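Shown here: coords.txt, compact mmCIF, C-alpha atoms.
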# COMPACT_ATOMS: atom_id res chain seq x y z
CA ALA A 1 -1.08 1.00 -17.22
CA GLN A 2 0.01 3.40 -14.55
CA THR A 3 3.56 3.55 -13.23
CA VAL A 4 4.91 5.29 -10.16
CA THR A 5 8.61 6.08 -9.73
CA GLN A 6 10.48 7.10 -6.61
CA SER A 7 14.02 7.88 -7.66
CA GLN A 8 15.52 8.21 -4.16
CA PRO A 9 15.92 4.78 -2.50
CA GLU A 10 17.38 6.36 0.65
CA MET A 11 17.48 9.80 2.20
CA SER A 12 18.57 11.24 5.50
CA VAL A 13 17.87 14.50 7.29
CA GLN A 14 18.81 16.11 10.57
CA GLU A 15 16.17 16.48 13.22
CA ALA A 16 14.20 19.76 12.88
CA GLU A 17 15.22 20.25 9.26
CA THR A 18 13.05 19.99 6.14
CA VAL A 19 13.25 17.19 3.59
CA THR A 20 11.50 16.58 0.27
CA LEU A 21 10.77 13.16 -1.18
CA SER A 22 10.21 12.88 -4.92
CA CYS A 23 7.61 10.92 -6.85
CA THR A 24 6.67 10.91 -10.52
CA TYR A 25 3.91 8.96 -12.18
CA ASP A 26 2.69 8.17 -15.63
CA THR A 27 -0.97 7.96 -16.58
CA SER A 28 -3.42 8.87 -19.31
CA GLU A 29 -6.20 9.32 -16.77
CA ASN A 30 -7.55 12.74 -15.89
CA ASN A 31 -9.36 11.87 -12.69
CA TYR A 32 -7.29 10.15 -10.03
CA TYR A 33 -5.88 10.26 -6.52
CA LEU A 34 -2.34 10.36 -5.22
CA PHE A 35 -1.20 9.24 -1.80
CA TRP A 36 1.83 9.15 0.43
CA TYR A 37 2.03 6.26 2.87
CA LYS A 38 4.49 5.82 5.72
CA GLN A 39 5.75 2.44 6.93
CA PRO A 40 7.75 2.71 10.18
CA PRO A 41 9.86 -0.16 11.51
CA SER A 42 6.71 -1.57 13.13
CA ARG A 43 5.57 -2.30 9.53
CA GLN A 44 2.09 -0.77 9.88
CA MET A 45 1.36 1.21 6.72
CA ILE A 46 -0.16 4.56 7.59
CA LEU A 47 -1.71 7.09 5.24
CA VAL A 48 0.17 10.39 5.47
CA ILE A 49 -1.61 12.55 2.93
CA ARG A 50 -3.86 12.37 -0.13
CA GLN A 51 -4.38 14.61 -3.13
CA GLU A 52 -7.28 14.61 -5.57
CA ALA A 53 -6.13 15.38 -9.11
CA TYR A 54 -9.01 17.78 -9.75
CA LYS A 55 -7.92 19.99 -6.85
CA GLN A 56 -5.32 22.62 -7.71
CA GLN A 57 -4.56 23.38 -4.10
CA ASN A 58 -1.77 21.32 -2.60
CA ALA A 59 -2.79 19.13 0.33
CA THR A 60 -1.36 19.79 3.79
CA GLU A 61 -1.47 17.76 6.98
CA ASN A 62 0.35 19.42 9.86
CA ARG A 63 4.09 19.13 9.08
CA PHE A 64 3.45 17.24 5.84
CA SER A 65 2.64 18.94 2.57
CA VAL A 66 2.77 18.05 -1.09
CA ASN A 67 3.81 19.79 -4.26
CA PHE A 68 1.43 18.48 -6.90
CA GLN A 69 2.39 19.37 -10.47
CA LYS A 70 -0.27 17.74 -12.66
CA ALA A 71 1.21 18.69 -16.02
CA ALA A 72 4.63 17.42 -14.99
CA LYS A 73 3.08 14.34 -13.31
CA SER A 74 5.05 15.04 -10.19
CA PHE A 75 3.94 14.59 -6.58
CA SER A 76 6.59 15.36 -3.96
CA LEU A 77 6.23 15.18 -0.19
CA LYS A 78 7.75 17.83 2.06
CA ILE A 79 8.30 17.09 5.72
CA SER A 80 8.97 20.15 7.83
CA ASP A 81 10.56 20.17 11.28
CA SER A 82 11.59 16.51 10.90
CA GLN A 83 11.23 14.35 13.99
CA LEU A 84 12.88 11.07 14.94
CA GLY A 85 9.49 9.38 14.61
CA ASP A 86 9.42 10.30 10.92
CA THR A 87 12.06 7.64 10.29
CA ALA A 88 10.26 5.19 8.00
CA MET A 89 9.85 3.89 4.48
CA TYR A 90 7.67 6.24 2.45
CA PHE A 91 5.61 5.04 -0.50
CA CYS A 92 3.97 7.14 -3.16
CA ALA A 93 0.79 5.62 -4.67
CA PHE A 94 -1.56 6.33 -7.56
CA GLY A 95 -5.23 5.38 -7.70
CA ARG A 96 -7.85 5.83 -10.39
CA ALA A 97 -11.17 7.32 -9.39
CA GLU A 98 -13.48 4.49 -10.35
CA THR A 99 -16.84 3.38 -9.13
CA SER A 100 -15.60 0.06 -7.85
CA GLY A 101 -12.59 -2.17 -7.54
CA SER A 102 -10.11 0.65 -7.53
CA ARG A 103 -6.55 -0.54 -7.04
CA LEU A 104 -3.45 1.45 -6.12
CA THR A 105 -0.10 1.39 -7.88
CA PHE A 106 2.86 1.94 -5.56
CA GLY A 107 6.36 3.25 -6.10
CA GLU A 108 9.45 1.41 -4.93
CA GLY A 109 9.69 3.39 -1.71
CA THR A 110 12.15 5.84 -0.12
CA GLN A 111 13.80 4.97 3.18
CA LEU A 112 14.00 8.16 5.23
CA THR A 113 16.25 8.35 8.27
CA VAL A 114 16.00 11.28 10.66
CA ASN A 115 19.24 11.77 12.58
CA PRO A 116 19.41 13.35 16.04
CA ASP B 117 -11.02 3.84 13.20
CA VAL B 118 -10.70 1.23 10.50
CA LYS B 119 -9.11 -1.92 11.73
CA VAL B 120 -7.54 -4.54 9.47
CA THR B 121 -6.12 -7.59 11.19
CA GLN B 122 -3.99 -10.41 9.84
CA SER B 123 -3.88 -13.86 11.37
CA SER B 124 -0.12 -14.03 11.98
CA ARG B 125 2.78 -11.58 12.27
CA TYR B 126 5.36 -14.26 11.54
CA LEU B 127 4.97 -17.60 9.84
CA VAL B 128 7.48 -20.31 8.94
CA LYS B 129 6.45 -23.05 6.52
CA ARG B 130 8.15 -25.81 4.61
CA THR B 131 8.37 -26.09 0.85
CA GLY B 132 5.28 -27.78 -0.57
CA GLU B 133 3.00 -26.96 2.34
CA LYS B 134 -0.38 -25.34 1.80
CA VAL B 135 -0.45 -21.95 3.49
CA PHE B 136 -3.43 -19.82 4.49
CA LEU B 137 -3.12 -16.14 5.31
CA GLU B 138 -6.25 -14.60 6.77
CA CYS B 139 -7.32 -10.98 6.76
CA VAL B 140 -10.31 -9.41 8.49
CA GLN B 141 -11.59 -5.83 8.30
CA ASP B 142 -14.25 -4.30 10.51
CA MET B 143 -15.44 -1.31 8.45
CA ASP B 144 -17.76 -2.95 5.91
CA HIS B 145 -15.40 -2.09 3.04
CA GLU B 146 -16.25 -3.41 -0.39
CA ASN B 147 -12.68 -3.86 -1.59
CA MET B 148 -9.94 -6.03 -0.15
CA PHE B 149 -6.41 -6.53 -1.43
CA TRP B 150 -3.39 -8.76 -0.96
CA TYR B 151 0.10 -7.43 -1.66
CA ARG B 152 3.56 -8.78 -1.28
CA GLN B 153 6.37 -6.44 -0.31
CA ASP B 154 9.98 -7.09 -1.26
CA PRO B 155 12.97 -4.75 -0.86
CA GLY B 156 13.44 -2.46 -3.85
CA LEU B 157 10.18 -3.58 -5.46
CA GLY B 158 7.63 -1.73 -3.38
CA LEU B 159 4.20 -3.31 -3.00
CA ARG B 160 2.98 -5.60 -5.72
CA LEU B 161 -0.66 -6.56 -6.00
CA ILE B 162 -1.39 -10.29 -5.92
CA TYR B 163 -5.20 -10.38 -5.95
CA PHE B 164 -8.06 -8.15 -5.01
CA SER B 165 -11.77 -8.52 -4.43
CA TYR B 166 -14.50 -5.92 -4.90
CA ASP B 167 -17.37 -8.02 -3.55
CA VAL B 168 -18.11 -11.28 -1.82
CA LYS B 169 -17.09 -14.26 -3.98
CA MET B 170 -15.60 -11.88 -6.57
CA LYS B 171 -11.88 -11.74 -7.26
CA GLU B 172 -9.53 -10.16 -9.75
CA LYS B 173 -5.93 -11.01 -10.53
CA GLY B 174 -3.35 -8.40 -9.74
CA ASP B 175 0.14 -8.11 -11.15
CA ILE B 176 1.67 -11.28 -9.71
CA PRO B 177 -1.08 -13.90 -9.15
CA GLU B 178 0.96 -16.96 -10.13
CA GLY B 179 1.26 -19.46 -7.31
CA TYR B 180 -1.53 -17.85 -5.27
CA SER B 181 -5.28 -18.10 -4.94
CA VAL B 182 -7.80 -16.22 -2.82
CA SER B 183 -11.16 -16.73 -1.17
CA ARG B 184 -13.78 -14.24 -0.06
CA GLU B 185 -16.82 -15.98 1.39
CA LYS B 186 -17.79 -13.13 3.72
CA LYS B 187 -17.47 -9.41 3.18
CA GLU B 188 -15.13 -8.88 6.11
CA ARG B 189 -12.73 -11.73 5.40
CA PHE B 190 -10.24 -12.22 2.58
CA SER B 191 -7.90 -15.20 2.52
CA LEU B 192 -4.70 -15.68 0.55
CA ILE B 193 -3.76 -19.28 -0.23
CA LEU B 194 -0.40 -20.62 -1.29
CA GLU B 195 -1.32 -24.03 -2.71
CA SER B 196 2.25 -25.36 -2.56
CA ALA B 197 4.63 -22.96 -0.89
CA SER B 198 7.99 -22.35 -2.52
CA THR B 199 11.09 -20.54 -1.28
CA ASN B 200 10.53 -17.68 -3.73
CA GLN B 201 7.32 -16.90 -1.89
CA THR B 202 9.28 -15.89 1.19
CA SER B 203 8.16 -12.30 1.64
CA MET B 204 6.12 -9.79 3.60
CA TYR B 205 2.41 -10.04 2.86
CA LEU B 206 0.14 -7.07 3.41
CA CYS B 207 -3.64 -7.03 3.39
CA ALA B 208 -5.64 -3.86 2.80
CA SER B 209 -9.25 -2.74 2.46
CA SER B 210 -11.02 0.28 1.01
CA LEU B 211 -14.36 1.70 0.07
CA THR B 212 -15.26 1.91 -3.62
CA PHE B 213 -12.14 3.95 -4.40
CA GLY B 214 -9.63 6.05 -2.56
CA GLU B 215 -7.22 5.32 0.22
CA GLN B 216 -6.57 1.83 1.43
CA TYR B 217 -6.21 0.77 5.04
CA PHE B 218 -3.56 -1.80 5.81
CA GLY B 219 -3.08 -4.62 8.25
CA PRO B 220 0.16 -5.10 10.20
CA GLY B 221 1.61 -7.58 7.71
CA THR B 222 2.70 -11.21 7.86
CA ARG B 223 6.36 -12.09 7.43
CA LEU B 224 6.32 -15.51 5.73
CA THR B 225 9.45 -17.63 5.52
CA VAL B 226 9.39 -20.77 3.39
CA THR B 227 12.28 -23.16 4.07
When written as structure tokens, how does the structure in this file appear?
Amino acid sequence: AQTVTQSQPEMSVQEAETVTLSCTYDTSENNYYLFWYKQPPSRQMILVIRQEAYKQQNATENRFSVNFQKAAKSFSLKISDSQLGDTAMYFCAFGRAETSGSRLTFGEGTQLTVNP
Amino acid sequence: DVKVTQSSRYLVKRTGEKVFLECVQDMDHENMFWYRQDPGLGLRLIYFSYDVKMKEKGDIPEGYSVSREKKERFSLILESASTNQTSMYLCASSLTFGEQYFGPGTRLTVT
């Protein structure tokens, strides 16, 4: 079974600075996906970024980028130029690449607060 | 855009009541999921469905059942609600595999 661990329950950062959220996972699979989701106070879970395990290049979406270290089973999220709207709970998730019925395994979450 | 809707944002029920949580998605996704979210525990999978009338147990199915009679609708049923089922419930949908799209959540309180 897969496990996902987020070792930082809470983090804070000053507006405009850069912050990195950590995530490690454990799997024996070779073909899988990794995701970062954001849950703001409104509770709507929003996909931030995804990474396919077969891709060596780290995914980037505007101010969000990942550092994917497959051998180390590490998948950290970097937020550059932090904004007040980035305040949210962030979840790391693992998903197997299957033909059907693929489920995700989530970490415990990291509460990020961006301070003005 | 994918839209996943849930029947209620907030719900208050009494112990022993039968509770229905409804979820509807509009993107013809094969898979649908029900999670509960509790502080410090992340999201835990209750049940999921990969086709109409098909269901699979997740990690914490005890005390819950599900129904999927139509592709777009996935219902979570608490046969006899208990106080330890007070939680946030999230519904999600996806294609065969990959990212999931979430509804806004239902905050259920059982008194």
Kindly provide the residues of chain A that approach chain B to within 10 Å, each paired with its closest atom pair and their distance in Å to one decimal, based on only C-alpha atoms, listed by chain and increasing number, as CSV.
residue,atom,partner,partner_atom,distance
A:Gln6,CA,B:Gly158,CA,9.8
A:Pro9,CA,B:Gly156,CA,7.8
A:Tyr32,CA,B:Gly214,CA,8.8
A:Tyr33,CA,B:Gly214,CA,6.9
A:Leu34,CA,B:Gly214,CA,8.9
A:Phe35,CA,B:Glu215,CA,7.5
A:Trp36,CA,B:Glu215,CA,9.8
A:Tyr37,CA,B:Glu215,CA,9.7
A:Gln39,CA,B:Pro220,CA,9.9
A:Ser42,CA,B:Pro220,CA,8.0
A:Arg43,CA,B:Pro220,CA,6.1
A:Gln44,CA,B:Pro220,CA,4.8
A:Met45,CA,B:Phe218,CA,5.8
A:Ile46,CA,B:Phe218,CA,7.4
A:Leu47,CA,B:Glu215,CA,7.7
A:Ile49,CA,B:Glu215,CA,9.5
A:Arg50,CA,B:Glu215,CA,7.8
A:Glu52,CA,B:Gly214,CA,9.4
A:Met89,CA,B:Gly158,CA,9.9
A:Tyr90,CA,B:Gly158,CA,9.9
A:Phe91,CA,B:Gly158,CA,7.6
A:Cys92,CA,B:Gly158,CA,9.6
A:Ala93,CA,B:Glu215,CA,9.4
A:Phe94,CA,B:Gly214,CA,9.5
A:Gly95,CA,B:Gly214,CA,6.8
A:Arg96,CA,B:Phe213,CA,7.6
A:Ala97,CA,B:Phe213,CA,6.1
A:Glu98,CA,B:Phe213,CA,6.1
A:Thr99,CA,B:Thr212,CA,5.9
A:Ser100,CA,B:Thr212,CA,4.6
A:Gly101,CA,B:Tyr166,CA,5.0
A:Ser102,CA,B:Phe213,CA,5.0
A:Arg103,CA,B:Phe213,CA,7.6
A:Leu104,CA,B:Gln216,CA,8.2
A:Thr105,CA,B:Arg160,CA,7.9
A:Phe106,CA,B:Leu159,CA,6.0
A:Gly107,CA,B:Gly158,CA,5.8
A:Glu108,CA,B:Gly158,CA,3.9
A:Gly109,CA,B:Gly158,CA,5.8
A:Thr110,CA,B:Gly156,CA,9.2
Just the residues within 6 Å of Val66 of chain A, please, counting all atoms listed in the file, with nothing from its chain fewer than 2 positions along; format it as a tab-separated table (two decimals) with C-alpha atoms, in the coordinates of the input.
chain	number	residue	atom	x	y	z
A	58	ASN	CA	-1.77	21.32	-2.60
A	59	ALA	CA	-2.79	19.13	0.33
A	68	PHE	CA	1.43	18.48	-6.90
A	76	SER	CA	6.59	15.36	-3.96
A	77	LEU	CA	6.23	15.18	-0.19
A	78	LYS	CA	7.75	17.83	2.06
ask   = Between A:Thr87, A:Gln2, A:Gln111, A:Ser28, which one has atoms that come closest to Glu15 of chain A, using all atoms listed in the file?
value = A:Thr87
ask   = Need the neighbours of (-7.6, -18.8, 10.8): which residues are at most 12 Å away, counting all atoms listed in the file, as a list in words?
value = Thr121, Gln122, Ser123, Ser124, Val135, Phe136, Leu137, Glu138, Cys139, Val140, Arg189, Phe190, Ser191, Leu192 and Ile193 of chain B
request  = Mind giving me the straight-line distance from atom CA of Arg223 of chain B to atom CA of Gln201 of chain B in Å, one decimal?
outcome  =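 Atom CA of Gln201 of chain B lies at a distance of 10.5 Å from atom CA of Arg223 of chain B.
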task = Rounded to one decimal place, report the atom CA of Ile162 of chain B-atom CA of Asp175 of chain B distance in Å.
result =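 If I compute the distance from atom CA of Ile162 of chain B to atom CA of Asp175 of chain B, I get 5.9 Å.
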Could I get segment 120-134 of chain B rebuilt with N, CA and C atoms, written as an mmCIF file, in the coordinates of the input?
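Wrote selection.cif, looks like this:
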data_model
loop_
_atom_site.group_PDB
_atom_site.id
_atom_site.type_symbol
_atom_site.label_atom_id
_atom_site.label_comp_id
_atom_site.auth_asym_id
_atom_site.auth_seq_id
_atom_site.Cartn_x
_atom_site.Cartn_y
_atom_site.Cartn_z
ATOM 1 N N VAL B 120 -7.806 -3.381 10.324
ATOM 2 C CA VAL B 120 -7.540 -4.540 9.470
ATOM 3 C C VAL B 120 -6.579 -5.430 10.237
ATOM 4 N N THR B 121 -6.974 -6.666 10.443
ATOM 5 C CA THR B 121 -6.120 -7.590 11.190
ATOM 6 C C THR B 121 -5.703 -8.743 10.294
ATOM 7 N N GLN B 122 -4.512 -9.248 10.559
ATOM 8 C CA GLN B 122 -3.990 -10.410 9.840
ATOM 9 C C GLN B 122 -3.690 -11.500 10.854
ATOM 10 N N SER B 123 -3.880 -12.742 10.425
ATOM 11 C CA SER B 123 -3.880 -13.860 11.370
ATOM 12 C C SER B 123 -2.538 -14.073 12.056
ATOM 13 N N SER B 124 -1.435 -13.785 11.383
ATOM 14 C CA SER B 124 -0.120 -14.030 11.980
ATOM 15 C C SER B 124 0.816 -12.874 11.652
ATOM 16 N N ARG B 125 1.716 -12.553 12.574
ATOM 17 C CA ARG B 125 2.780 -11.580 12.270
ATOM 18 C C ARG B 125 3.967 -12.267 11.611
ATOM 19 N N TYR B 126 4.258 -13.474 12.092
ATOM 20 C CA TYR B 126 5.360 -14.260 11.540
ATOM 21 C C TYR B 126 4.879 -15.676 11.291
ATOM 22 N N LEU B 127 5.371 -16.257 10.200
ATOM 23 C CA LEU B 127 4.970 -17.600 9.840
ATOM 24 C C LEU B 127 6.151 -18.289 9.168
ATOM 25 N N VAL B 128 6.418 -19.525 9.581
ATOM 26 C CA VAL B 128 7.480 -20.310 8.940
ATOM 27 C C VAL B 128 6.856 -21.598 8.430
ATOM 28 N N LYS B 129 7.023 -21.853 7.155
ATOM 29 C CA LYS B 129 6.450 -23.050 6.520
ATOM 30 C C LYS B 129 7.518 -23.767 5.697
ATOM 31 N N ARG B 130 7.229 -25.021 5.416
ATOM 32 C CA ARG B 130 8.150 -25.810 4.610
ATOM 33 C C ARG B 130 7.713 -25.826 3.149
ATOM 34 N N THR B 131 8.658 -25.988 2.278
ATOM 35 C CA THR B 131 8.370 -26.090 0.850
ATOM 36 C C THR B 131 7.338 -27.169 0.588
ATOM 37 N N GLY B 132 6.325 -26.827 -0.218
ATOM 38 C CA GLY B 132 5.280 -27.780 -0.570
ATOM 39 C C GLY B 132 4.057 -27.735 0.326
ATOM 40 N N GLU B 133 4.154 -27.052 1.447
ATOM 41 C CA GLU B 133 3.000 -26.960 2.340
ATOM 42 C C GLU B 133 1.946 -26.028 1.763
ATOM 43 N N LYS B 134 0.705 -26.247 2.142
ATOM 44 C CA LYS B 134 -0.380 -25.340 1.800
ATOM 45 C C LYS B 134 -0.470 -24.310 2.911
#
